[in-house]
>>> print(open('work28.cif').read())   # mmCIF, C-alpha atoms
data_entry
#
loop_
_atom_site.label_atom_id
_atom_site.label_comp_id
_atom_site.auth_asym_id
_atom_site.auth_seq_id
_atom_site.Cartn_x
_atom_site.Cartn_y
_atom_site.Cartn_z
CA MET A 233 0.00 0.00 0.00
CA ALA A 234 1.17 3.46 -0.93
CA GLY A 235 1.65 5.52 2.17
CA GLY A 236 1.36 2.44 4.37
CA VAL A 237 4.08 1.37 6.77
CA ARG A 238 5.98 -1.67 5.54
CA ARG A 239 6.48 -4.21 8.33
CA LYS A 240 9.75 -6.04 8.69
CA PRO A 241 9.44 -9.82 8.40
CA ALA A 242 9.76 -11.62 11.73
CA VAL A 243 13.24 -12.99 12.30
CA SER A 244 13.20 -16.58 13.52
CA PRO A 245 15.60 -17.33 16.38
CA SER A 246 18.78 -19.22 15.47
CA PRO A 247 18.96 -22.97 16.29
CA LEU A 248 21.75 -22.26 18.80
CA TRP A 249 19.62 -19.69 20.62
CA GLY A 250 16.75 -22.18 20.63
CA LYS A 251 18.95 -24.81 22.26
CA ILE A 252 20.22 -22.35 24.86
CA HIS A 253 16.64 -21.33 25.62
CA ALA A 254 15.60 -25.00 25.98
CA VAL A 255 18.51 -25.71 28.36
CA TRP A 256 17.66 -22.66 30.46
CA LYS A 257 14.01 -23.66 30.58
CA ASP A 258 14.97 -27.19 31.75
CA LYS A 259 17.90 -26.08 33.91
CA HIS A 260 16.60 -27.97 36.95
CA LEU A 261 16.42 -31.17 34.86
CA VAL A 262 19.74 -30.93 32.98
CA LEU A 263 21.41 -33.42 35.34
CA PHE A 264 18.53 -35.90 35.08
CA LYS A 265 17.39 -35.92 31.43
CA THR A 266 19.50 -38.11 29.14
CA GLU A 267 19.03 -35.69 26.25
CA TYR A 268 21.52 -33.40 28.03
CA THR A 269 24.20 -36.11 28.27
CA PHE A 270 26.43 -34.44 25.67
CA LEU A 271 26.32 -31.07 27.47
CA VAL A 272 27.16 -32.51 30.89
CA VAL A 273 29.94 -34.86 29.74
CA SER A 274 31.53 -32.06 27.70
CA VAL A 275 31.80 -29.89 30.80
CA LEU A 276 33.15 -32.79 32.86
CA TRP A 277 35.70 -33.75 30.21
CA PHE A 278 37.22 -30.25 30.13
CA LEU A 279 37.16 -30.20 33.93
CA GLU A 280 39.14 -33.45 33.90
CA ILE A 281 42.00 -31.76 32.04
CA GLY A 282 42.55 -29.52 35.04
CA ILE A 283 42.05 -32.34 37.54
CA ASN A 284 44.68 -34.54 35.88
CA PHE A 285 47.15 -31.64 35.73
CA TRP A 286 46.56 -30.95 39.44
CA VAL A 287 46.97 -34.62 40.41
CA ILE A 288 50.26 -34.94 38.49
CA GLN A 289 51.64 -31.72 40.00
CA ARG A 290 50.42 -32.16 43.56
CA VAL A 291 50.20 -35.90 44.32
CA ALA A 292 53.37 -37.97 44.61
CA TYR A 293 54.05 -40.60 41.96
CA THR A 294 54.28 -44.15 43.33
CA GLU A 295 56.64 -46.63 41.69
CA ILE A 296 55.06 -50.08 41.28
CA ASP A 297 55.50 -51.58 37.82
CA TRP A 298 56.87 -48.83 35.55
CA LYS A 299 60.54 -49.68 36.16
CA ALA A 300 59.76 -53.37 35.65
CA TYR A 301 58.03 -52.55 32.36
CA MET A 302 61.07 -50.60 31.21
CA ASP A 303 63.45 -53.41 32.19
CA GLU A 304 61.33 -55.93 30.28
CA VAL A 305 61.20 -53.96 27.04
CA GLU A 306 64.87 -53.05 27.39
CA GLY A 307 65.63 -56.75 27.20
CA VAL A 308 63.80 -56.92 23.86
CA ILE A 309 65.58 -53.80 22.61
CA ASN A 310 68.90 -55.46 23.48
CA GLY A 311 68.01 -58.44 21.30
CA THR A 312 66.39 -60.97 23.65
CA TYR A 313 63.30 -62.50 22.02
CA ASP A 314 62.96 -65.54 24.28
CA TYR A 315 60.06 -64.63 26.60
CA THR A 316 61.38 -66.92 29.33
CA GLN A 317 64.49 -64.70 29.57
CA LEU A 318 62.64 -61.37 29.82
CA LYS A 319 62.01 -60.05 33.30
CA GLY A 320 61.88 -56.94 35.46
CA ASP A 321 62.04 -56.01 39.14
CA THR A 322 58.64 -57.54 39.89
CA GLY A 323 59.12 -60.80 37.99
CA PRO A 324 59.00 -62.25 34.47
CA LEU A 325 57.30 -60.61 31.49
CA VAL A 326 53.75 -62.00 31.44
CA TYR A 327 52.01 -59.76 28.88
CA PRO A 328 51.48 -60.37 25.14
CA ALA A 329 53.59 -58.77 22.42
CA GLY A 330 51.42 -55.66 21.98
CA PHE A 331 52.51 -54.61 25.45
CA VAL A 332 56.14 -54.80 24.35
CA TYR A 333 55.58 -52.53 21.35
CA VAL A 334 53.54 -49.93 23.26
CA PHE A 335 55.97 -49.70 26.16
CA THR A 336 58.99 -49.76 23.85
CA ALA A 337 57.58 -46.58 22.29
CA LEU A 338 57.10 -45.12 25.79
CA TYR A 339 60.65 -46.22 26.67
CA TYR A 340 62.09 -44.06 23.91
CA ILE A 341 59.68 -41.14 24.40
CA THR A 342 60.49 -40.92 28.13
CA ASN A 343 64.29 -41.09 27.69
CA HIS A 344 64.65 -44.80 28.49
CA GLY A 345 61.91 -44.58 31.11
CA THR A 346 63.68 -41.98 33.26
CA ASN A 347 61.38 -39.03 32.47
CA ILE A 348 58.49 -40.24 34.59
CA ARG A 349 56.75 -36.85 34.64
CA LEU A 350 56.46 -36.95 30.84
CA GLY A 351 55.11 -40.50 31.15
CA GLN A 352 52.46 -39.23 33.56
CA TYR A 353 51.32 -36.60 31.07
CA ILE A 354 51.14 -39.23 28.33
CA PHE A 355 48.95 -41.37 30.57
CA ALA A 356 46.81 -38.31 31.32
CA VAL A 357 46.21 -38.12 27.55
CA PHE A 358 45.33 -41.83 27.59
CA TYR A 359 42.87 -41.08 30.42
CA LEU A 360 41.21 -38.24 28.52
CA ILE A 361 40.94 -40.34 25.34
CA THR A 362 39.42 -43.21 27.33
CA LEU A 363 36.93 -40.84 28.94
CA LEU A 364 36.03 -39.42 25.54
CA LEU A 365 35.36 -42.92 24.19
CA VAL A 366 33.34 -43.90 27.26
CA PHE A 367 31.26 -40.71 27.16
CA ARG A 368 30.57 -41.28 23.47
CA ILE A 369 29.13 -44.73 24.27
CA TYR A 370 26.90 -43.26 26.97
CA ASN A 371 25.83 -40.39 24.73
CA ARG A 372 24.94 -42.76 21.89
CA THR A 373 22.90 -45.08 24.13
CA LYS A 374 21.22 -42.46 26.37
CA LYS A 375 20.85 -45.00 29.17
CA VAL A 376 22.19 -43.21 32.24
CA PRO A 377 21.14 -39.84 33.73
CA PRO A 378 23.88 -37.20 33.29
CA TYR A 379 24.51 -36.53 36.99
CA VAL A 380 26.00 -40.05 37.27
CA PHE A 381 28.93 -39.09 35.06
CA PHE A 382 30.40 -37.04 37.90
CA PHE A 383 31.02 -40.37 39.65
CA VAL A 384 32.44 -41.84 36.41
CA CYS A 385 35.29 -39.34 36.32
CA CYS A 386 35.88 -36.61 38.89
CA ALA A 387 34.99 -38.57 42.02
CA SER A 388 37.24 -41.63 41.63
CA TYR A 389 40.63 -41.30 43.29
CA ARG A 390 41.59 -44.89 42.45
CA ILE A 391 41.08 -44.51 38.68
CA HIS A 392 43.14 -41.32 38.51
CA SER A 393 45.83 -43.10 40.50
CA ILE A 394 45.87 -46.12 38.15
CA PHE A 395 46.33 -43.87 35.12
CA VAL A 396 48.61 -41.00 36.12
CA LEU A 397 50.23 -42.04 39.42
CA ARG A 398 50.99 -45.71 38.69
CA LEU A 399 51.32 -45.90 34.85
CA PHE A 400 49.96 -49.45 34.61
CA ASN A 401 49.38 -51.18 31.26
CA ASP A 402 45.70 -51.85 32.11
CA PRO A 403 44.58 -48.33 31.03
CA VAL A 404 46.19 -48.75 27.60
CA ALA A 405 44.33 -52.03 27.03
CA MET A 406 41.01 -50.52 28.14
CA MET A 407 41.49 -47.43 25.96
CA LEU A 408 41.81 -49.70 22.90
CA LEU A 409 38.87 -51.79 24.10
CA PHE A 410 36.51 -48.81 24.37
CA ALA A 411 37.66 -47.65 20.93
CA SER A 412 36.63 -51.05 19.54
CA ILE A 413 33.22 -50.88 21.23
CA ASN A 414 32.61 -47.49 19.63
CA LEU A 415 33.34 -49.08 16.26
CA PHE A 416 30.97 -51.98 17.00
CA ILE A 417 28.03 -49.69 17.78
CA ASP A 418 28.80 -47.73 14.59
CA GLY A 419 28.66 -50.97 12.59
CA TYR A 420 32.40 -51.22 11.79
CA TRP A 421 32.76 -54.79 12.99
CA THR A 422 35.93 -55.78 11.11
CA VAL A 423 37.96 -52.73 12.16
CA GLY A 424 36.50 -53.10 15.66
CA CYS A 425 37.70 -56.71 15.85
CA GLY A 426 41.16 -55.55 14.79
CA LEU A 427 41.28 -52.97 17.59
CA TYR A 428 39.86 -55.50 20.06
CA SER A 429 42.71 -57.89 19.22
CA LEU A 430 45.21 -55.07 19.74
CA ALA A 431 43.70 -54.48 23.20
CA VAL A 432 44.11 -58.19 24.02
CA SER A 433 47.74 -57.96 22.90
CA VAL A 434 48.42 -55.34 25.59
CA LYS A 435 46.75 -57.27 28.41
CA MET A 436 44.64 -60.39 28.14
CA ASN A 437 42.03 -59.29 30.70
CA VAL A 438 40.20 -57.95 27.62
CA LEU A 439 39.37 -61.61 26.85
CA LEU A 440 36.62 -61.28 29.49
CA PHE A 441 34.66 -59.42 26.78
CA ALA A 442 35.25 -62.26 24.29
CA PRO A 443 32.17 -64.43 25.08
CA GLY A 444 29.88 -61.43 24.58
CA LEU A 445 31.69 -60.41 21.40
CA LEU A 446 31.43 -63.94 19.97
CA PHE A 447 27.68 -63.92 20.68
CA LEU A 448 27.28 -60.54 18.95
CA LEU A 449 29.34 -61.59 15.93
CA LEU A 450 27.24 -64.74 15.50
CA TRP A 451 24.05 -62.70 15.83
CA GLU A 452 25.26 -60.09 13.36
CA PHE A 453 26.88 -62.36 10.75
CA GLY A 454 26.10 -66.03 11.39
CA LEU A 455 28.77 -68.71 11.73
CA MET A 456 30.39 -68.59 8.30
CA ARG A 457 30.80 -64.80 8.18
CA THR A 458 32.03 -64.71 11.78
CA ILE A 459 35.03 -66.90 10.96
CA PRO A 460 36.88 -64.15 9.00
CA ASN A 461 36.56 -61.75 11.97
CA LEU A 462 37.88 -64.39 14.36
CA SER A 463 40.69 -65.13 11.90
CA LEU A 464 41.57 -61.43 11.84
CA CYS A 465 41.83 -61.39 15.66
CA ALA A 466 44.03 -64.50 15.63
CA GLY A 467 46.13 -63.20 12.74
CA ILE A 468 46.93 -59.96 14.57
CA GLN A 469 48.07 -61.96 17.61
CA LEU A 470 50.31 -64.12 15.43
CA LEU A 471 51.76 -61.14 13.57
CA LEU A 472 52.54 -59.19 16.75
CA GLY A 473 54.01 -62.22 18.48
CA LEU A 474 55.96 -63.49 15.46
CA PRO A 475 59.48 -62.44 16.57
CA PHE A 476 58.94 -64.17 19.92
CA LEU A 477 57.16 -67.21 18.43
CA LEU A 478 60.06 -67.80 16.07
CA GLU A 479 62.52 -67.73 18.99
CA ASN A 480 60.60 -69.80 21.56
CA PRO A 481 56.92 -70.46 20.73
CA VAL A 482 56.15 -72.47 23.86
CA GLY A 483 57.86 -69.90 26.07
CA TYR A 484 55.93 -67.03 24.48
CA VAL A 485 52.47 -68.65 24.68
CA SER A 486 53.00 -70.00 28.21
CA ARG A 487 54.15 -66.61 29.53
CA ALA A 488 52.01 -64.16 27.54
CA PHE A 489 48.76 -66.14 27.85
CA ASP A 490 49.22 -67.93 31.17
CA LEU A 491 45.67 -68.56 32.36
CA GLY A 492 46.89 -70.50 35.38
CA ARG A 493 48.96 -67.75 36.98
CA GLN A 494 49.06 -67.90 40.76
CA PHE A 495 48.17 -64.60 42.46
CA LEU A 496 49.53 -63.47 45.82
CA PHE A 497 47.03 -63.40 48.68
CA LYS A 498 48.40 -60.12 50.07
CA TRP A 499 47.22 -58.18 46.99
CA THR A 500 43.70 -59.57 46.68
CA VAL A 501 40.84 -57.09 46.84
CA ASN A 502 37.94 -59.53 46.51
CA TRP A 503 38.84 -62.66 48.56
CA ARG A 504 40.42 -61.23 51.72
CA PHE A 505 37.83 -62.94 53.96
CA LEU A 506 38.97 -66.41 52.83
CA PRO A 507 41.80 -68.34 54.51
CA GLU A 508 44.94 -68.22 52.37
CA TRP A 509 45.03 -71.99 51.83
CA LEU A 510 41.57 -71.87 50.23
CA PHE A 511 42.47 -68.82 48.13
CA LEU A 512 45.42 -70.78 46.68
CA ASN A 513 43.49 -74.04 46.27
CA ARG A 514 43.17 -75.28 42.67
CA TYR A 515 39.75 -76.81 43.30
CA PHE A 516 38.50 -73.39 44.40
CA HIS A 517 39.85 -71.95 41.15
CA LEU A 518 38.08 -74.67 39.13
CA ALA A 519 34.83 -73.99 41.00
CA LEU A 520 35.07 -70.28 40.12
CA LEU A 521 35.75 -71.14 36.48
CA ALA A 522 32.73 -73.48 36.40
CA ALA A 523 30.52 -70.76 37.95
CA HIS A 524 31.86 -68.23 35.42
CA LEU A 525 31.06 -70.46 32.45
CA LEU A 526 27.64 -71.40 33.85
CA ALA A 527 26.70 -67.73 34.38
CA LEU A 528 27.77 -66.87 30.82
CA LEU A 529 25.76 -69.78 29.44
CA LEU A 530 22.64 -68.81 31.38
CA PHE A 531 22.81 -65.19 30.25
CA ALA A 532 23.48 -66.19 26.63
CA LEU A 533 20.56 -68.64 26.57
CA THR A 534 17.99 -66.64 28.50
CA ARG A 535 18.94 -62.94 28.53
CA TRP A 536 20.96 -62.11 25.43
CA LYS A 537 18.78 -63.93 22.90
CA ARG A 538 15.05 -63.53 22.34
CA PRO A 539 12.58 -65.89 24.07
CA GLY A 540 11.47 -68.64 21.74
CA GLN A 541 14.54 -68.24 19.56
CA SER A 542 16.82 -71.28 19.32
CA VAL A 543 20.47 -70.65 20.05
CA PHE A 544 21.21 -72.52 16.81
CA GLU A 545 19.54 -69.65 14.95
CA LEU A 546 22.72 -67.70 15.61
CA LEU A 547 24.63 -70.05 13.32
CA LYS A 548 22.43 -69.24 10.33
CA GLU A 549 22.95 -66.44 7.84
CA PRO A 550 21.15 -63.30 9.12
CA SER A 551 19.14 -63.10 5.87
CA LYS A 552 17.59 -66.48 6.67
CA ARG A 553 16.45 -65.45 10.14
CA LYS A 554 13.34 -63.65 11.35
CA VAL A 555 15.30 -61.65 13.91
CA PRO A 556 15.86 -57.87 13.80
CA ALA A 557 19.38 -56.47 13.82
CA GLN A 558 21.23 -55.66 17.03
CA LYS A 559 20.57 -52.29 18.61
CA LYS A 560 23.33 -50.16 20.11
CA LEU A 561 21.87 -50.74 23.59
CA GLN A 562 22.05 -54.51 23.21
CA ILE A 563 25.61 -54.48 21.85
CA VAL A 564 26.90 -52.47 24.81
CA LEU A 565 24.92 -54.43 27.40
CA VAL A 566 26.10 -57.84 26.16
CA LEU A 567 29.77 -56.77 26.12
CA PHE A 568 29.65 -55.06 29.51
CA THR A 569 27.75 -57.97 31.09
CA SER A 570 30.20 -60.52 29.70
CA ASN A 571 33.10 -58.64 31.29
CA PHE A 572 31.25 -58.08 34.57
CA ILE A 573 30.49 -61.79 34.98
CA GLY A 574 34.21 -62.46 34.60
CA MET A 575 34.97 -59.91 37.31
CA CYS A 576 32.44 -61.48 39.69
CA PHE A 577 34.08 -64.90 39.46
CA SER A 578 37.70 -63.79 39.20
CA ARG A 579 40.30 -65.80 41.16
CA SER A 580 41.73 -62.52 42.41
CA LEU A 581 41.33 -58.82 41.74
CA HIS A 582 44.27 -56.47 42.28
CA TYR A 583 43.90 -52.73 42.73
CA GLN A 584 44.75 -51.80 39.15
CA PHE A 585 42.08 -54.22 37.89
CA TYR A 586 39.41 -51.72 38.95
CA VAL A 587 39.80 -50.01 35.57
CA TRP A 588 38.65 -53.25 33.89
CA TYR A 589 35.02 -52.49 34.71
CA PHE A 590 34.82 -49.12 36.44
CA HIS A 591 33.48 -47.19 33.45
CA THR A 592 30.87 -49.89 32.72
CA LEU A 593 29.27 -49.99 36.18
CA PRO A 594 26.76 -47.13 35.71
CA TYR A 595 25.52 -48.66 32.46
CA LEU A 596 25.03 -52.04 34.15
CA LEU A 597 23.26 -50.53 37.16
CA TRP A 598 20.86 -48.48 35.04
CA SER A 599 20.18 -51.49 32.78
CA GLY A 600 18.89 -53.61 35.66
CA GLY A 601 15.32 -54.80 35.86
CA VAL A 602 14.54 -53.87 39.47
CA LYS A 603 12.36 -50.76 39.29
CA LYS A 604 12.51 -50.25 43.05
CA LEU A 605 16.28 -49.84 42.85
CA ALA A 606 16.07 -46.07 43.12
CA HIS A 607 18.67 -43.62 41.88
CA LEU A 608 20.01 -43.09 45.40
CA LEU A 609 20.50 -46.83 45.94
CA ARG A 610 22.34 -47.17 42.63
CA VAL A 611 24.66 -44.31 43.56
CA LEU A 612 25.17 -45.93 46.98
CA ILE A 613 26.26 -49.17 45.28
CA LEU A 614 28.73 -47.22 43.13
CA GLY A 615 30.04 -45.56 46.30
CA LEU A 616 30.44 -48.87 48.16
CA ILE A 617 32.31 -50.40 45.22
CA GLU A 618 34.60 -47.35 45.10
CA LEU A 619 35.18 -47.60 48.86
CA SER A 620 36.03 -51.30 48.58
CA TRP A 621 38.66 -50.59 45.92
CA ASN A 622 40.08 -47.68 47.93
CA THR A 623 40.54 -49.72 51.13
CA TYR A 624 44.22 -50.61 51.39
CA PRO A 625 45.07 -53.16 52.48
CA SER A 626 41.77 -54.87 51.82
CA THR A 627 39.82 -56.17 54.79
CA ASN A 628 37.25 -58.90 55.35
CA SER A 629 34.54 -56.22 55.31
CA SER A 630 35.73 -54.46 52.16
CA SER A 631 35.97 -57.75 50.24
CA ALA A 632 32.57 -58.93 51.47
CA SER A 633 30.90 -55.62 50.58
CA LEU A 634 32.41 -55.81 47.09
CA HIS A 635 30.91 -59.26 46.56
CA ILE A 636 27.52 -58.12 47.90
CA CYS A 637 27.50 -55.18 45.47
CA HIS A 638 28.51 -57.49 42.61
CA LEU A 639 25.69 -59.87 43.52
CA ILE A 640 23.12 -57.05 43.55
CA VAL A 641 24.24 -55.81 40.13
CA LEU A 642 24.22 -59.35 38.72
CA LEU A 643 20.72 -60.03 40.07
CA CYS A 644 19.45 -56.76 38.62
CA LEU A 645 20.85 -57.72 35.21
CA TRP A 646 19.24 -61.15 35.50
CA LEU A 647 15.86 -59.63 36.40
CA ALA A 648 15.99 -57.16 33.51
CA PRO A 649 13.14 -57.74 31.03
CA PRO A 650 14.21 -60.03 28.17
CA LEU A 651 14.23 -58.91 24.56
CA PRO A 652 10.85 -59.03 22.78
CA ALA A 653 10.03 -62.54 21.65
CA ALA A 654 10.87 -63.55 18.10
CA PRO A 655 7.75 -63.51 15.89
CA SER A 656 6.14 -66.90 15.33
CA GLU A 657 5.35 -68.25 11.88
CA ALA A 658 1.65 -67.58 12.48
CA GLN A 659 2.36 -63.95 13.36
CA GLU A 660 4.58 -63.59 10.28
CA HIS A 661 1.82 -65.04 8.09
CA THR A 662 -0.78 -62.66 9.57
CA ALA A 663 1.56 -59.67 9.10
CA ASP A 664 2.14 -60.59 5.45
CA LYS A 665 -1.59 -60.97 4.92
CA ASP A 666 -2.23 -57.52 6.42
CA LYS A 667 0.42 -55.97 4.16
CA ARG A 668 -1.21 -57.47 1.06
CA HIS A 669 -4.54 -55.97 2.03
#
>>> encode(input="work28.cif", output="structure tokens")
Amino acid sequence: MAGGVRRKPAVSPSPLWGKIHAVWKDKHLVLFKTEYTFLVVSVLWFLEIGINFWVIQRVAYTEIDWKAYMDEVEGVINGTYDYTQLKGDTGPLVYPAGFVYVFTALYYITNHGTNIRLGQYIFAVFYLITLLLVFRIYNRTKKVPPYVFFFVCCASYRIHSIFVLRLFNDPVAMMLLFASINLFIDGYWTVGCGLYSLAVSVKMNVLLFAPGLLFLLLWEFGLMRTIPNLSLCAGIQLLLGLPFLLENPVGYVSRAFDLGRQFLFKWTVNWRFLPEWLFLNRYFHLALLAAHLLALLLFALTRWKRPGQSVFELLKEPSKRKVPAQKKLQIVLVLFTSNFIGMCFSRSLHYQFYVWYFHTLPYLLWSGGVKKLAHLLRVLILGLIELSWNTYPSTNSSSASLHICHLIVLLCLWLAPPLPAAPSEAQEHTADKDKRH
């Protein structure tokens, strides 16, 4: 209109402003709604940079295995490839070949292992990478309320100690393991299997995830297409161990993959309440192994697969099954449960072994099927587990409380609702009929 006032078109708010407005509106729920997981873990991750720097600067480093690691790889550098001849201050070399390569690199980077402060900062980077990988899993699955992640990082003294004050090889293995799990949930199974095998080559505790991974591979690919992935894992082990296998194959396999290692009673975290003679008894070890295998079998047959689905269905080609593909939630739960069962029935747990399952505990607790297990009780269980691992030396009470917490978590996982039943032939026929109409 001539002479009329032209109105300016309304400017829509930017997406960023919309998100900020939504966060401000829900500010009292940010720590409880899983949709804000990314925001909360981002803040915590940057906070962890400062915490690790403070710990390295202010808390004294404690020598336990670092010098032994350096002595062991120095033997390899000097030309000794017979595993039975490689040893350090704390005993013989008992880790697979991947450990040798990783710590040989650290040997050179840290001036033959003498620049421990630099080693601490490298392990701080390992810690931050591990945390990034763990947070990504939680962000992808949206299973745990964000406030819990404070207990996953900032609140654990023991985990910070294992990484930056002790420089154990366990964190390196777990960093590679969590990288492989990220690849699995993204659908990169072959590359994930390669990284998983690398993790095993650093420390074989990662084999506790193997039963769950085998189940997932069979579900995803069937028997025939699983074989190449298993061959890749085995091939990587052979390739990494080749220099040592050529020198003394029996010595390498018996030392690097010694499943019958005898642990010292004075270091046990989980069996302190037992008499030492029983702790060292082989029949007790066999009983734990039998319980471990039975628990895995029960979970695989009744919790990991769908009701009414034969376990032999897993051997078929996926295209010939009437079973939907794995979801990210199921992949993570099966792997974490497989590892947790191994921890429950372990012959002995030492203090650095805490990192084997620490980052998986919230996921397991919030995946349980007991609705009455309130948030406060779950946090209390996390706190009791942390207290048990921080009690040094371990006591009858700390070991017993650890087992009680493990039992509660295991029962909650057992009572979790099973996957929806596989559709029957009659249901399939009815569905097809409906589609045609």
>>> resolve_selection(input="work28.cif", expression="the PyMOL selection byres ((chain A and resi 424) around 12)", output="JSON, numbers by chain")
{"A": [408, 409, 410, 411, 412, 413, 414, 415, 416, 417, 418, 419, 420, 421, 422, 423, 425, 426, 427, 428, 429, 430, 431, 445, 449, 461, 462, 464, 465]}
>>> write_last_selection(input="work28.cif", atoms="C-alpha atoms", output="PDB file, in the frame of the given file")
ATOM      1  CA  LEU A 408      41.810 -49.700  22.900  1.00  0.00           C
ATOM      2  CA  LEU A 409      38.870 -51.790  24.100  1.00  0.00           C
ATOM      3  CA  PHE A 410      36.510 -48.810  24.370  1.00  0.00           C
ATOM      4  CA  ALA A 411      37.660 -47.650  20.930  1.00  0.00           C
ATOM      5  CA  SER A 412      36.630 -51.050  19.540  1.00  0.00           C
ATOM      6  CA  ILE A 413      33.220 -50.880  21.230  1.00  0.00           C
ATOM      7  CA  ASN A 414      32.610 -47.490  19.630  1.00  0.00           C
ATOM      8  CA  LEU A 415      33.340 -49.080  16.260  1.00  0.00           C
ATOM      9  CA  PHE A 416      30.970 -51.980  17.000  1.00  0.00           C
ATOM     10  CA  ILE A 417      28.030 -49.690  17.780  1.00  0.00           C
ATOM     11  CA  ASP A 418      28.800 -47.730  14.590  1.00  0.00           C
ATOM     12  CA  GLY A 419      28.660 -50.970  12.590  1.00  0.00           C
ATOM     13  CA  TYR A 420      32.400 -51.220  11.790  1.00  0.00           C
ATOM     14  CA  TRP A 421      32.760 -54.790  12.990  1.00  0.00           C
ATOM     15  CA  THR A 422      35.930 -55.780  11.110  1.00  0.00           C
ATOM     16  CA  VAL A 423      37.960 -52.730  12.160  1.00  0.00           C
ATOM     17  CA  CYS A 425      37.700 -56.710  15.850  1.00  0.00           C
ATOM     18  CA  GLY A 426      41.160 -55.550  14.790  1.00  0.00           C
ATOM     19  CA  LEU A 427      41.280 -52.970  17.590  1.00  0.00           C
ATOM     20  CA  TYR A 428      39.860 -55.500  20.060  1.00  0.00           C
ATOM     21  CA  SER A 429      42.710 -57.890  19.220  1.00  0.00           C
ATOM     22  CA  LEU A 430      45.210 -55.070  19.740  1.00  0.00           C
ATOM     23  CA  ALA A 431      43.700 -54.480  23.200  1.00  0.00           C
ATOM     24  CA  LEU A 445      31.690 -60.410  21.400  1.00  0.00           C
ATOM     25  CA  LEU A 449      29.340 -61.590  15.930  1.00  0.00           C
ATOM     26  CA  ASN A 461      36.560 -61.750  11.970  1.00  0.00           C
ATOM     27  CA  LEU A 462      37.880 -64.390  14.360  1.00  0.00           C
ATOM     28  CA  LEU A 464      41.570 -61.430  11.840  1.00  0.00           C
ATOM     29  CA  CYS A 465      41.830 -61.390  15.660  1.00  0.00           C
TER      30      CYS A 465
END
>>> residues_near_point(input="work28.cif", point="(34.0, -36.7, 35.1)", cutoff="12 Å", atoms="only C-alpha atoms", output="ChimeraX atom specification")
/A:269,272-284,359-360,362-364,366-367,378-389,391-392,591
>>> closest_residue(input="work28.cif", among="A:Ala519, A:Val326, A:Leu397, A:Ile348", to="A:Arg487", atoms="all atoms listed in the file")
A:Val326
>>> resolve_selection(input="work28.cif", expression="the PyMOL selection byres ((chain A and resi 350) around 12)", output="number ranges by chain")
A: 285, 288-289, 293, 338-349, 351-357, 396-397, 399
>>> residues_near_point(input="work28.cif", point="(22.5, -55.3, 35.4)", cutoff="6 Å", atoms="only C-alpha atoms", output="PyMOL selection string")
chain A and resi 596-597+599-600+641-642+644-645
>>> residues_around(input="work28.cif", residues="stretch 578-584 of chain A", least_positions_apart="4", cutoff="7 Å", atoms="all atoms listed in the file", output="VMD selection string")
chain A and resid 394 495 499 to 503 517 520 574 621
>>> atom_distance(input="work28.cif", atom1="atom CA of A:Trp536", atom2="atom CA of A:Trp598")
16.7 Å
>>> decode(input="work28.cif", residues="stretch 630-640 of chain A", atoms="N, CA and C atoms", output="CSV table (one decimal), in the first residue's frame")
chain,number,residue,atom,x,y,z
A,630,SER,N,35.7,-55.1,53.5
A,630,SER,CA,35.7,-54.5,52.2
A,630,SER,C,35.5,-55.5,51.1
A,631,SER,N,36.1,-56.7,51.2
A,631,SER,CA,36.0,-57.8,50.2
A,631,SER,C,34.5,-58.3,50.2
A,632,ALA,N,34.0,-58.4,51.4
A,632,ALA,CA,32.6,-58.9,51.5
A,632,ALA,C,31.6,-57.9,50.9
A,633,SER,N,31.8,-56.6,51.1
A,633,SER,CA,30.9,-55.6,50.6
A,633,SER,C,31.0,-55.6,49.1
A,634,LEU,N,32.2,-55.8,48.5
A,634,LEU,CA,32.4,-55.8,47.1
A,634,LEU,C,31.6,-56.9,46.5
A,635,HIS,N,31.7,-58.1,47.1
A,635,HIS,CA,30.9,-59.3,46.6
A,635,HIS,C,29.4,-59.0,46.7
A,636,ILE,N,29.0,-58.4,47.7
A,636,ILE,CA,27.5,-58.1,47.9
A,636,ILE,C,27.1,-57.2,46.8
A,637,CYS,N,27.8,-56.1,46.5
A,637,CYS,CA,27.5,-55.2,45.5
A,637,CYS,C,27.5,-55.9,44.1
A,638,HIS,N,28.5,-56.7,43.9
A,638,HIS,CA,28.5,-57.5,42.6
A,638,HIS,C,27.3,-58.4,42.5
A,639,LEU,N,26.9,-59.0,43.6
A,639,LEU,CA,25.7,-59.9,43.5
A,639,LEU,C,24.4,-59.1,43.2
A,640,ILE,N,24.3,-57.9,43.8
A,640,ILE,CA,23.1,-57.0,43.6
A,640,ILE,C,23.1,-56.7,42.1
